[in-house]
>>> print(open('coords-v9.cif').read())   # mmCIF, N, CA and C atoms
data_work
#
loop_
_atom_site.label_atom_id
_atom_site.label_comp_id
_atom_site.auth_asym_id
_atom_site.auth_seq_id
_atom_site.Cartn_x
_atom_site.Cartn_y
_atom_site.Cartn_z
N MET A 240 0.82 -1.19 0.00
CA MET A 240 0.00 0.00 0.00
C MET A 240 0.87 1.26 0.00
N ASP A 241 1.97 1.19 0.74
CA ASP A 241 2.87 2.33 0.83
C ASP A 241 3.42 2.69 -0.55
N ILE A 242 3.75 1.68 -1.32
CA ILE A 242 4.30 1.94 -2.65
C ILE A 242 3.24 2.54 -3.56
N ALA A 243 2.00 2.08 -3.46
CA ALA A 243 0.93 2.64 -4.28
C ALA A 243 0.68 4.10 -3.94
N VAL A 244 0.75 4.44 -2.66
CA VAL A 244 0.55 5.82 -2.24
C VAL A 244 1.68 6.70 -2.76
N ARG A 245 2.93 6.21 -2.64
CA ARG A 245 4.06 6.98 -3.15
C ARG A 245 3.98 7.16 -4.67
N ALA A 246 3.60 6.10 -5.38
CA ALA A 246 3.49 6.18 -6.83
C ALA A 246 2.40 7.16 -7.24
N ALA A 247 1.26 7.09 -6.57
CA ALA A 247 0.16 8.00 -6.88
C ALA A 247 0.55 9.45 -6.59
N ALA A 248 1.21 9.68 -5.46
CA ALA A 248 1.63 11.04 -5.10
C ALA A 248 2.62 11.58 -6.11
N LEU A 249 3.59 10.77 -6.50
CA LEU A 249 4.57 11.21 -7.49
C LEU A 249 3.89 11.49 -8.83
N GLY A 250 2.94 10.65 -9.21
CA GLY A 250 2.23 10.87 -10.46
C GLY A 250 1.40 12.15 -10.45
N VAL A 251 0.72 12.42 -9.36
CA VAL A 251 -0.09 13.63 -9.25
C VAL A 251 0.79 14.87 -9.27
N VAL A 252 1.89 14.84 -8.52
CA VAL A 252 2.81 15.99 -8.50
C VAL A 252 3.39 16.23 -9.89
N ALA A 253 3.80 15.17 -10.57
CA ALA A 253 4.35 15.32 -11.92
C ALA A 253 3.30 15.87 -12.88
N ALA A 254 2.06 15.41 -12.75
CA ALA A 254 1.00 15.90 -13.63
C ALA A 254 0.72 17.37 -13.40
N ILE A 255 0.70 17.79 -12.14
CA ILE A 255 0.43 19.20 -11.82
C ILE A 255 1.57 20.08 -12.32
N VAL A 256 2.81 19.66 -12.06
CA VAL A 256 3.96 20.43 -12.55
C VAL A 256 3.94 20.47 -14.08
N GLY A 257 3.57 19.35 -14.70
CA GLY A 257 3.48 19.32 -16.16
C GLY A 257 2.46 20.29 -16.69
N LEU A 258 1.33 20.41 -16.03
CA LEU A 258 0.31 21.38 -16.45
C LEU A 258 0.81 22.82 -16.32
N LEU A 259 1.58 23.07 -15.27
CA LEU A 259 2.09 24.42 -15.05
C LEU A 259 3.13 24.84 -16.10
N ILE A 260 3.94 23.90 -16.55
CA ILE A 260 5.01 24.28 -17.49
C ILE A 260 4.66 23.97 -18.95
N ARG A 261 3.51 23.37 -19.19
CA ARG A 261 3.14 22.98 -20.55
C ARG A 261 3.05 24.18 -21.50
N LYS A 262 2.57 25.32 -21.00
CA LYS A 262 2.40 26.49 -21.86
C LYS A 262 3.73 26.99 -22.41
N ASN A 263 4.73 27.04 -21.54
CA ASN A 263 6.02 27.62 -21.94
C ASN A 263 6.96 26.61 -22.58
N ASN A 264 7.00 25.39 -22.06
CA ASN A 264 7.94 24.38 -22.55
C ASN A 264 7.26 23.01 -22.67
N PRO A 265 6.53 22.77 -23.74
CA PRO A 265 5.86 21.47 -23.85
C PRO A 265 6.84 20.30 -23.96
N GLU A 266 8.05 20.57 -24.46
CA GLU A 266 9.04 19.49 -24.56
C GLU A 266 9.46 19.01 -23.18
N ILE A 267 9.60 19.94 -22.26
CA ILE A 267 10.00 19.59 -20.90
C ILE A 267 8.91 18.76 -20.23
N THR A 268 7.66 19.01 -20.58
CA THR A 268 6.56 18.25 -20.00
C THR A 268 6.68 16.77 -20.35
N VAL A 269 7.06 16.47 -21.59
CA VAL A 269 7.24 15.08 -21.99
C VAL A 269 8.38 14.45 -21.20
N LEU A 270 9.48 15.16 -21.06
CA LEU A 270 10.61 14.64 -20.28
C LEU A 270 10.23 14.44 -18.82
N LEU A 271 9.46 15.37 -18.27
CA LEU A 271 9.00 15.23 -16.89
C LEU A 271 8.14 13.99 -16.74
N SER A 272 7.25 13.76 -17.69
CA SER A 272 6.39 12.59 -17.67
C SER A 272 7.21 11.31 -17.73
N LEU A 273 8.21 11.26 -18.60
CA LEU A 273 9.06 10.08 -18.71
C LEU A 273 9.88 9.86 -17.43
N ALA A 274 10.38 10.95 -16.85
CA ALA A 274 11.15 10.83 -15.61
C ALA A 274 10.27 10.32 -14.47
N ALA A 275 9.06 10.86 -14.36
CA ALA A 275 8.14 10.41 -13.31
C ALA A 275 7.76 8.94 -13.52
N SER A 276 7.52 8.56 -14.76
CA SER A 276 7.18 7.17 -15.06
C SER A 276 8.33 6.24 -14.69
N THR A 277 9.54 6.65 -15.00
CA THR A 277 10.70 5.84 -14.66
C THR A 277 10.85 5.69 -13.15
N ALA A 278 10.65 6.77 -12.43
CA ALA A 278 10.74 6.71 -10.96
C ALA A 278 9.66 5.81 -10.38
N ILE A 279 8.45 5.91 -10.89
CA ILE A 279 7.35 5.08 -10.40
C ILE A 279 7.61 3.61 -10.72
N LEU A 280 8.11 3.33 -11.92
CA LEU A 280 8.42 1.95 -12.29
C LEU A 280 9.53 1.38 -11.41
N THR A 281 10.51 2.19 -11.10
CA THR A 281 11.59 1.74 -10.23
C THR A 281 11.06 1.35 -8.86
N VAL A 282 10.16 2.15 -8.33
CA VAL A 282 9.56 1.84 -7.04
C VAL A 282 8.73 0.56 -7.14
N ALA A 283 7.97 0.43 -8.21
CA ALA A 283 7.11 -0.75 -8.38
C ALA A 283 7.94 -2.02 -8.58
N LEU A 284 9.07 -1.89 -9.25
CA LEU A 284 9.91 -3.06 -9.49
C LEU A 284 10.51 -3.63 -8.22
N SER A 285 10.50 -2.86 -7.14
CA SER A 285 11.01 -3.39 -5.87
C SER A 285 10.11 -4.52 -5.36
N LEU A 286 8.89 -4.60 -5.86
CA LEU A 286 7.97 -5.66 -5.45
C LEU A 286 8.03 -6.89 -6.34
N ILE A 287 8.70 -6.79 -7.47
CA ILE A 287 8.65 -7.87 -8.46
C ILE A 287 9.23 -9.17 -7.93
N GLY A 288 10.21 -9.09 -7.04
CA GLY A 288 10.80 -10.31 -6.48
C GLY A 288 9.78 -11.15 -5.73
N ASP A 289 8.96 -10.49 -4.92
CA ASP A 289 7.92 -11.20 -4.18
C ASP A 289 6.87 -11.80 -5.11
N VAL A 290 6.51 -11.04 -6.14
CA VAL A 290 5.52 -11.53 -7.10
C VAL A 290 6.04 -12.76 -7.83
N MET A 291 7.30 -12.71 -8.25
CA MET A 291 7.89 -13.85 -8.96
C MET A 291 8.01 -15.07 -8.04
N GLU A 292 8.31 -14.82 -6.77
CA GLU A 292 8.42 -15.92 -5.81
C GLU A 292 7.09 -16.66 -5.68
N VAL A 293 6.00 -15.92 -5.61
CA VAL A 293 4.68 -16.54 -5.51
C VAL A 293 4.32 -17.25 -6.82
N ALA A 294 4.70 -16.65 -7.95
CA ALA A 294 4.42 -17.30 -9.24
C ALA A 294 5.15 -18.64 -9.35
N PHE A 295 6.41 -18.67 -8.91
CA PHE A 295 7.16 -19.93 -8.98
C PHE A 295 6.63 -20.95 -7.96
N LEU A 296 6.17 -20.47 -6.81
CA LEU A 296 5.55 -21.37 -5.84
C LEU A 296 4.27 -21.98 -6.42
N ALA A 297 3.49 -21.17 -7.09
CA ALA A 297 2.27 -21.67 -7.73
C ALA A 297 2.60 -22.70 -8.80
N ARG A 298 3.67 -22.44 -9.55
CA ARG A 298 4.09 -23.40 -10.57
C ARG A 298 4.49 -24.72 -9.94
N GLU A 299 5.25 -24.66 -8.85
CA GLU A 299 5.68 -25.89 -8.19
C GLU A 299 4.49 -26.65 -7.62
N MET A 300 3.57 -25.94 -7.00
CA MET A 300 2.42 -26.59 -6.39
C MET A 300 1.48 -27.19 -7.44
N SER A 301 1.39 -26.55 -8.60
CA SER A 301 0.49 -27.05 -9.64
C SER A 301 1.11 -28.18 -10.45
N GLY A 302 2.42 -28.28 -10.40
CA GLY A 302 3.09 -29.31 -11.17
C GLY A 302 3.30 -28.96 -12.63
N LEU A 303 3.00 -27.74 -13.01
CA LEU A 303 3.21 -27.31 -14.40
C LEU A 303 4.69 -27.12 -14.67
N SER A 304 5.09 -27.38 -15.87
CA SER A 304 6.49 -27.21 -16.22
C SER A 304 6.82 -25.73 -16.44
N PRO A 305 8.09 -25.37 -16.29
CA PRO A 305 8.48 -23.98 -16.56
C PRO A 305 8.17 -23.55 -18.00
N ALA A 306 8.13 -24.52 -18.92
CA ALA A 306 7.84 -24.20 -20.31
C ALA A 306 6.43 -23.66 -20.49
N VAL A 307 5.55 -23.93 -19.53
CA VAL A 307 4.18 -23.44 -19.60
C VAL A 307 4.06 -22.07 -18.92
N ILE A 308 4.69 -21.92 -17.77
CA ILE A 308 4.56 -20.70 -16.99
C ILE A 308 5.40 -19.56 -17.58
N ARG A 309 6.59 -19.86 -18.05
CA ARG A 309 7.50 -18.82 -18.54
C ARG A 309 6.89 -17.94 -19.63
N PRO A 310 6.24 -18.52 -20.68
CA PRO A 310 5.63 -17.65 -21.69
C PRO A 310 4.53 -16.75 -21.14
N VAL A 311 3.79 -17.24 -20.17
CA VAL A 311 2.72 -16.44 -19.58
C VAL A 311 3.32 -15.22 -18.87
N ILE A 312 4.36 -15.44 -18.08
CA ILE A 312 5.01 -14.33 -17.36
C ILE A 312 5.63 -13.35 -18.35
N LYS A 313 6.25 -13.87 -19.40
CA LYS A 313 6.84 -12.99 -20.41
C LYS A 313 5.77 -12.16 -21.12
N CYS A 314 4.64 -12.76 -21.42
CA CYS A 314 3.56 -12.03 -22.09
C CYS A 314 3.02 -10.90 -21.21
N VAL A 315 2.92 -11.15 -19.93
CA VAL A 315 2.47 -10.10 -19.01
C VAL A 315 3.47 -8.95 -19.02
N GLY A 316 4.75 -9.27 -18.97
CA GLY A 316 5.79 -8.23 -19.01
C GLY A 316 5.76 -7.45 -20.30
N ILE A 317 5.59 -8.14 -21.42
CA ILE A 317 5.51 -7.47 -22.72
C ILE A 317 4.32 -6.53 -22.75
N GLY A 318 3.19 -6.98 -22.23
CA GLY A 318 2.00 -6.14 -22.20
C GLY A 318 2.19 -4.87 -21.39
N ILE A 319 2.84 -5.00 -20.24
CA ILE A 319 3.09 -3.84 -19.40
C ILE A 319 4.02 -2.85 -20.09
N ILE A 320 5.10 -3.37 -20.68
CA ILE A 320 6.07 -2.51 -21.36
C ILE A 320 5.42 -1.80 -22.55
N ALA A 321 4.64 -2.53 -23.33
CA ALA A 321 3.99 -1.93 -24.50
C ALA A 321 2.99 -0.85 -24.09
N LYS A 322 2.26 -1.10 -23.03
CA LYS A 322 1.28 -0.11 -22.54
C LYS A 322 1.97 1.16 -22.09
N ILE A 323 3.04 1.03 -21.33
CA ILE A 323 3.76 2.21 -20.85
C ILE A 323 4.38 2.96 -22.02
N GLY A 324 4.96 2.25 -22.97
CA GLY A 324 5.54 2.90 -24.14
C GLY A 324 4.50 3.62 -24.98
N ALA A 325 3.36 2.99 -25.18
CA ALA A 325 2.29 3.61 -25.96
C ALA A 325 1.74 4.85 -25.25
N ASP A 326 1.59 4.77 -23.95
CA ASP A 326 1.10 5.94 -23.21
C ASP A 326 2.09 7.10 -23.27
N ALA A 327 3.38 6.78 -23.23
CA ALA A 327 4.39 7.83 -23.35
C ALA A 327 4.32 8.49 -24.72
N CYS A 328 4.08 7.69 -25.75
CA CYS A 328 3.95 8.26 -27.10
C CYS A 328 2.71 9.14 -27.19
N ARG A 329 1.61 8.71 -26.58
CA ARG A 329 0.38 9.52 -26.60
C ARG A 329 0.60 10.84 -25.86
N ASP A 330 1.31 10.79 -24.74
CA ASP A 330 1.61 12.03 -23.99
C ASP A 330 2.43 12.99 -24.83
N ALA A 331 3.28 12.44 -25.70
CA ALA A 331 4.11 13.28 -26.56
C ALA A 331 3.34 13.76 -27.79
N GLY A 332 2.08 13.33 -27.93
CA GLY A 332 1.25 13.78 -29.04
C GLY A 332 1.38 12.94 -30.30
N SER A 333 1.86 11.71 -30.16
CA SER A 333 2.05 10.86 -31.32
C SER A 333 1.19 9.61 -31.20
N ALA A 334 -0.08 9.76 -31.53
CA ALA A 334 -1.02 8.66 -31.41
C ALA A 334 -0.70 7.53 -32.39
N GLY A 335 -0.21 7.87 -33.57
CA GLY A 335 0.15 6.84 -34.55
C GLY A 335 1.28 5.96 -34.06
N THR A 336 2.28 6.57 -33.48
CA THR A 336 3.39 5.80 -32.92
C THR A 336 2.92 4.95 -31.76
N ALA A 337 2.01 5.49 -30.95
CA ALA A 337 1.46 4.73 -29.82
C ALA A 337 0.75 3.47 -30.32
N SER A 338 -0.01 3.60 -31.39
CA SER A 338 -0.69 2.44 -31.95
C SER A 338 0.32 1.41 -32.47
N ALA A 339 1.39 1.89 -33.07
CA ALA A 339 2.43 0.99 -33.57
C ALA A 339 3.11 0.25 -32.42
N VAL A 340 3.36 0.95 -31.32
CA VAL A 340 3.97 0.32 -30.15
C VAL A 340 3.04 -0.75 -29.59
N GLU A 341 1.76 -0.44 -29.50
CA GLU A 341 0.79 -1.43 -29.00
C GLU A 341 0.73 -2.64 -29.92
N PHE A 342 0.73 -2.41 -31.24
CA PHE A 342 0.70 -3.52 -32.19
C PHE A 342 1.95 -4.38 -32.05
N ALA A 343 3.11 -3.73 -31.92
CA ALA A 343 4.36 -4.48 -31.75
C ALA A 343 4.31 -5.31 -30.47
N GLY A 344 3.71 -4.77 -29.41
CA GLY A 344 3.57 -5.52 -28.17
C GLY A 344 2.69 -6.75 -28.34
N VAL A 345 1.60 -6.60 -29.08
CA VAL A 345 0.71 -7.73 -29.33
C VAL A 345 1.43 -8.81 -30.12
N VAL A 346 2.15 -8.41 -31.16
CA VAL A 346 2.87 -9.39 -31.98
C VAL A 346 3.95 -10.08 -31.16
N ALA A 347 4.67 -9.30 -30.34
CA ALA A 347 5.72 -9.88 -29.50
C ALA A 347 5.13 -10.87 -28.48
N ALA A 348 3.99 -10.54 -27.91
CA ALA A 348 3.34 -11.44 -26.96
C ALA A 348 2.89 -12.72 -27.65
N LEU A 349 2.31 -12.59 -28.84
CA LEU A 349 1.90 -13.79 -29.58
C LEU A 349 3.11 -14.65 -29.94
N PHE A 350 4.19 -14.03 -30.35
CA PHE A 350 5.41 -14.76 -30.67
C PHE A 350 5.94 -15.50 -29.44
N THR A 351 5.90 -14.82 -28.30
CA THR A 351 6.37 -15.42 -27.06
C THR A 351 5.50 -16.60 -26.65
N ALA A 352 4.23 -16.54 -26.96
CA ALA A 352 3.29 -17.60 -26.58
C ALA A 352 3.25 -18.76 -27.58
N LEU A 353 3.99 -18.68 -28.68
CA LEU A 353 3.95 -19.76 -29.68
C LEU A 353 4.28 -21.14 -29.11
N PRO A 354 5.32 -21.28 -28.28
CA PRO A 354 5.57 -22.62 -27.72
C PRO A 354 4.39 -23.15 -26.90
N LEU A 355 3.74 -22.28 -26.18
CA LEU A 355 2.57 -22.68 -25.40
C LEU A 355 1.43 -23.10 -26.32
N MET A 356 1.23 -22.37 -27.40
CA MET A 356 0.17 -22.71 -28.36
C MET A 356 0.46 -24.04 -29.04
N ARG A 357 1.74 -24.27 -29.37
CA ARG A 357 2.11 -25.55 -30.00
C ARG A 357 1.82 -26.72 -29.05
N THR A 358 2.16 -26.54 -27.78
CA THR A 358 1.90 -27.59 -26.78
C THR A 358 0.41 -27.85 -26.66
N LEU A 359 -0.38 -26.80 -26.65
CA LEU A 359 -1.83 -26.94 -26.58
C LEU A 359 -2.37 -27.69 -27.79
N LEU A 360 -1.88 -27.33 -28.97
CA LEU A 360 -2.33 -28.03 -30.19
C LEU A 360 -1.97 -29.50 -30.18
N LYS A 361 -0.77 -29.83 -29.70
CA LYS A 361 -0.36 -31.23 -29.62
C LYS A 361 -1.24 -32.00 -28.63
N MET A 362 -1.61 -31.36 -27.53
CA MET A 362 -2.49 -32.00 -26.55
C MET A 362 -3.86 -32.25 -27.17
N MET A 363 -4.36 -31.27 -27.91
CA MET A 363 -5.67 -31.41 -28.55
C MET A 363 -5.62 -32.51 -29.61
N GLU A 364 -4.52 -32.59 -30.35
CA GLU A 364 -4.37 -33.63 -31.37
C GLU A 364 -4.37 -35.02 -30.75
N ALA A 365 -3.74 -35.13 -29.59
CA ALA A 365 -3.69 -36.43 -28.90
C ALA A 365 -5.08 -36.85 -28.41
N LEU A 366 -5.91 -35.89 -28.07
CA LEU A 366 -7.26 -36.20 -27.60
C LEU A 366 -8.19 -36.65 -28.72
N ILE A 367 -7.90 -36.17 -29.92
CA ILE A 367 -8.80 -36.47 -31.05
C ILE A 367 -8.52 -37.79 -31.64
#
>>> encode(input="coords-v9.cif", output="structure tokens")
Amino acid sequence: MDIAVRAAALGVVAAIVGLLIRKNNPEITVLLSLAASTAILTVALSLIGDVMEVAFLAREMSGLSPAVIRPVIKCVGIGIIAKIGADACRDAGSAGTASAVEFAGVVAALFTALPLMRTLLKMMEALI
């Protein structure tokens, strides 16, 4: 909860400062947004170790192989990165680039999930 409060406070302060300086220096506003996003991500990444520990515990308890869990975790990471990148592009006023970043994220996630899809298809083939 403490991290969420700090992240929200930093985001609100950055947004307010961005509104104040947007008239005179819109370029600085984009840099401020990227700096605030980086700081918030750094704070959030301090929790990733605990999240990964629980994910690996769930994998061990379920008996699933790492080949099944790894693509899922990678796809989640790709989705987060693509969303943040696209939002940064939108903040900079480049909606077309934001759409391209989102599309690249979708394609990268699908590519990452290909081994999982192949395994699923082989399982389905064995059932038929």
>>> atom_distance(input="coords-v9.cif", atom1="CA of Glu299 in chain A", atom2="CA of Ile242 in chain A")
28.4 Å
>>> closest_residue(input="coords-v9.cif", among="A:Leu271, A:Glu292, A:Val307, A:Pro354", to="Val251 in chain A", atoms="only C-alpha atoms")
A:Leu271
>>> atom_distance(input="coords-v9.cif", atom1="atom C of Leu258 in chain A", atom2="atom N of Ala283 in chain A")
24.9 Å
>>> resolve_selection(input="coords-v9.cif", expression="the PyMOL selection byres (((chain A and resi 348 and name CA) around 8) and name CA)", output="list of chain:residue names")
A:Lys313, A:Cys314, A:Ile317, A:Gly318, A:Gly344, A:Val345, A:Val346, A:Ala347, A:Leu349, A:Phe350, A:Thr351, A:Ala352
>>> closest_residue(input="coords-v9.cif", among="A:Val256, A:Ala248, A:Ala243, A:Leu303", to="Ser285 in chain A", atoms="only C-alpha atoms")
A:Ala243
>>> closest_residue(input="coords-v9.cif", among="A:Arg298, A:Gly324, A:Ile260, A:Ser272", to="Ala337 in chain A", atoms="all atoms listed in the file")
A:Gly324
>>> atom_distance(input="coords-v9.cif", atom1="CA of Ile255 in chain A", atom2="CA of Val269 in chain A")
12.9 Å
>>> axis_aligned_box(input="coords-v9.cif", around="range 339-343 of chain A", padding_each_side="5 Å", output="lines of an AutoDock Vina configuration file")
center_x = 2.5
center_y = -1.7
center_z = -31.3
size_x = 13.7
size_y = 17.2
size_z = 14.6
>>> decode(input="coords-v9.cif", residues="range 314-344 of chain A", atoms="N, CA and C atoms", output="PDB file, in the first residue's frame")
ATOM      1  N   CYS A 314       4.639 -12.758 -21.418  1.00  0.00           N
ATOM      2  CA  CYS A 314       3.558 -12.030 -22.088  1.00  0.00           C
ATOM      3  C   CYS A 314       3.015 -10.901 -21.211  1.00  0.00           C
ATOM      4  N   VAL A 315       2.917 -11.154 -19.927  1.00  0.00           N
ATOM      5  CA  VAL A 315       2.469 -10.100 -19.010  1.00  0.00           C
ATOM      6  C   VAL A 315       3.471  -8.947 -19.023  1.00  0.00           C
ATOM      7  N   GLY A 316       4.751  -9.270 -18.965  1.00  0.00           N
ATOM      8  CA  GLY A 316       5.792  -8.233 -19.014  1.00  0.00           C
ATOM      9  C   GLY A 316       5.761  -7.446 -20.304  1.00  0.00           C
ATOM     10  N   ILE A 317       5.595  -8.135 -21.417  1.00  0.00           N
ATOM     11  CA  ILE A 317       5.512  -7.466 -22.716  1.00  0.00           C
ATOM     12  C   ILE A 317       4.316  -6.525 -22.752  1.00  0.00           C
ATOM     13  N   GLY A 318       3.190  -6.981 -22.227  1.00  0.00           N
ATOM     14  CA  GLY A 318       1.995  -6.136 -22.204  1.00  0.00           C
ATOM     15  C   GLY A 318       2.191  -4.871 -21.391  1.00  0.00           C
ATOM     16  N   ILE A 319       2.839  -5.004 -20.240  1.00  0.00           N
ATOM     17  CA  ILE A 319       3.094  -3.835 -19.396  1.00  0.00           C
ATOM     18  C   ILE A 319       4.023  -2.855 -20.092  1.00  0.00           C
ATOM     19  N   ILE A 320       5.100  -3.371 -20.675  1.00  0.00           N
ATOM     20  CA  ILE A 320       6.067  -2.508 -21.358  1.00  0.00           C
ATOM     21  C   ILE A 320       5.424  -1.799 -22.549  1.00  0.00           C
ATOM     22  N   ALA A 321       4.641  -2.531 -23.334  1.00  0.00           N
ATOM     23  CA  ALA A 321       3.991  -1.930 -24.502  1.00  0.00           C
ATOM     24  C   ALA A 321       2.988  -0.854 -24.085  1.00  0.00           C
ATOM     25  N   LYS A 322       2.256  -1.103 -23.027  1.00  0.00           N
ATOM     26  CA  LYS A 322       1.275  -0.113 -22.540  1.00  0.00           C
ATOM     27  C   LYS A 322       1.966   1.160 -22.091  1.00  0.00           C
ATOM     28  N   ILE A 323       3.039   1.031 -21.329  1.00  0.00           N
ATOM     29  CA  ILE A 323       3.763   2.206 -20.846  1.00  0.00           C
ATOM     30  C   ILE A 323       4.375   2.964 -22.024  1.00  0.00           C
ATOM     31  N   GLY A 324       4.960   2.250 -22.966  1.00  0.00           N
ATOM     32  CA  GLY A 324       5.544   2.899 -24.137  1.00  0.00           C
ATOM     33  C   GLY A 324       4.498   3.623 -24.976  1.00  0.00           C
ATOM     34  N   ALA A 325       3.363   2.986 -25.177  1.00  0.00           N
ATOM     35  CA  ALA A 325       2.291   3.612 -25.958  1.00  0.00           C
ATOM     36  C   ALA A 325       1.742   4.852 -25.253  1.00  0.00           C
ATOM     37  N   ASP A 326       1.589   4.771 -23.950  1.00  0.00           N
ATOM     38  CA  ASP A 326       1.097   5.940 -23.213  1.00  0.00           C
ATOM     39  C   ASP A 326       2.090   7.100 -23.272  1.00  0.00           C
ATOM     40  N   ALA A 327       3.376   6.780 -23.226  1.00  0.00           N
ATOM     41  CA  ALA A 327       4.394   7.829 -23.345  1.00  0.00           C
ATOM     42  C   ALA A 327       4.322   8.491 -24.718  1.00  0.00           C
ATOM     43  N   CYS A 328       4.083   7.690 -25.747  1.00  0.00           N
ATOM     44  CA  CYS A 328       3.945   8.256 -27.095  1.00  0.00           C
ATOM     45  C   CYS A 328       2.709   9.141 -27.192  1.00  0.00           C
ATOM     46  N   ARG A 329       1.608   8.706 -26.584  1.00  0.00           N
ATOM     47  CA  ARG A 329       0.383   9.522 -26.603  1.00  0.00           C
ATOM     48  C   ARG A 329       0.601  10.843 -25.864  1.00  0.00           C
ATOM     49  N   ASP A 330       1.315  10.793 -24.736  1.00  0.00           N
ATOM     50  CA  ASP A 330       1.611  12.026 -23.993  1.00  0.00           C
ATOM     51  C   ASP A 330       2.434  12.993 -24.827  1.00  0.00           C
ATOM     52  N   ALA A 331       3.279  12.437 -25.698  1.00  0.00           N
ATOM     53  CA  ALA A 331       4.108  13.278 -26.561  1.00  0.00           C
ATOM     54  C   ALA A 331       3.339  13.760 -27.788  1.00  0.00           C
ATOM     55  N   GLY A 332       2.080  13.328 -27.934  1.00  0.00           N
ATOM     56  CA  GLY A 332       1.253  13.779 -29.042  1.00  0.00           C
ATOM     57  C   GLY A 332       1.379  12.941 -30.297  1.00  0.00           C
ATOM     58  N   SER A 333       1.856  11.715 -30.160  1.00  0.00           N
ATOM     59  CA  SER A 333       2.052  10.860 -31.322  1.00  0.00           C
ATOM     60  C   SER A 333       1.186   9.608 -31.202  1.00  0.00           C
ATOM     61  N   ALA A 334      -0.077   9.764 -31.532  1.00  0.00           N
ATOM     62  CA  ALA A 334      -1.023   8.656 -31.414  1.00  0.00           C
ATOM     63  C   ALA A 334      -0.700   7.527 -32.393  1.00  0.00           C
ATOM     64  N   GLY A 335      -0.207   7.867 -33.566  1.00  0.00           N
ATOM     65  CA  GLY A 335       0.146   6.844 -34.549  1.00  0.00           C
ATOM     66  C   GLY A 335       1.283   5.961 -34.058  1.00  0.00           C
ATOM     67  N   THR A 336       2.281   6.571 -33.479  1.00  0.00           N
ATOM     68  CA  THR A 336       3.393   5.803 -32.921  1.00  0.00           C
ATOM     69  C   THR A 336       2.915   4.955 -31.758  1.00  0.00           C
ATOM     70  N   ALA A 337       2.011   5.488 -30.948  1.00  0.00           N
ATOM     71  CA  ALA A 337       1.463   4.731 -29.818  1.00  0.00           C
ATOM     72  C   ALA A 337       0.754   3.474 -30.316  1.00  0.00           C
ATOM     73  N   SER A 338      -0.009   3.599 -31.389  1.00  0.00           N
ATOM     74  CA  SER A 338      -0.686   2.437 -31.955  1.00  0.00           C
ATOM     75  C   SER A 338       0.317   1.411 -32.469  1.00  0.00           C
ATOM     76  N   ALA A 339       1.392   1.891 -33.074  1.00  0.00           N
ATOM     77  CA  ALA A 339       2.426   0.989 -33.571  1.00  0.00           C
ATOM     78  C   ALA A 339       3.109   0.252 -32.418  1.00  0.00           C
ATOM     79  N   VAL A 340       3.357   0.951 -31.321  1.00  0.00           N
ATOM     80  CA  VAL A 340       3.972   0.318 -30.153  1.00  0.00           C
ATOM     81  C   VAL A 340       3.041  -0.749 -29.586  1.00  0.00           C
ATOM     82  N   GLU A 341       1.755  -0.441 -29.495  1.00  0.00           N
ATOM     83  CA  GLU A 341       0.790  -1.427 -29.004  1.00  0.00           C
ATOM     84  C   GLU A 341       0.731  -2.643 -29.921  1.00  0.00           C
ATOM     85  N   PHE A 342       0.732  -2.412 -31.238  1.00  0.00           N
ATOM     86  CA  PHE A 342       0.705  -3.521 -32.193  1.00  0.00           C
ATOM     87  C   PHE A 342       1.952  -4.380 -32.053  1.00  0.00           C
ATOM     88  N   ALA A 343       3.115  -3.732 -31.922  1.00  0.00           N
ATOM     89  CA  ALA A 343       4.361  -4.481 -31.749  1.00  0.00           C
ATOM     90  C   ALA A 343       4.313  -5.308 -30.466  1.00  0.00           C
ATOM     91  N   GLY A 344       3.709  -4.772 -29.414  1.00  0.00           N
ATOM     92  CA  GLY A 344       3.565  -5.515 -28.169  1.00  0.00           C
ATOM     93  C   GLY A 344       2.686  -6.746 -28.338  1.00  0.00           C
TER      94      GLY A 344
END
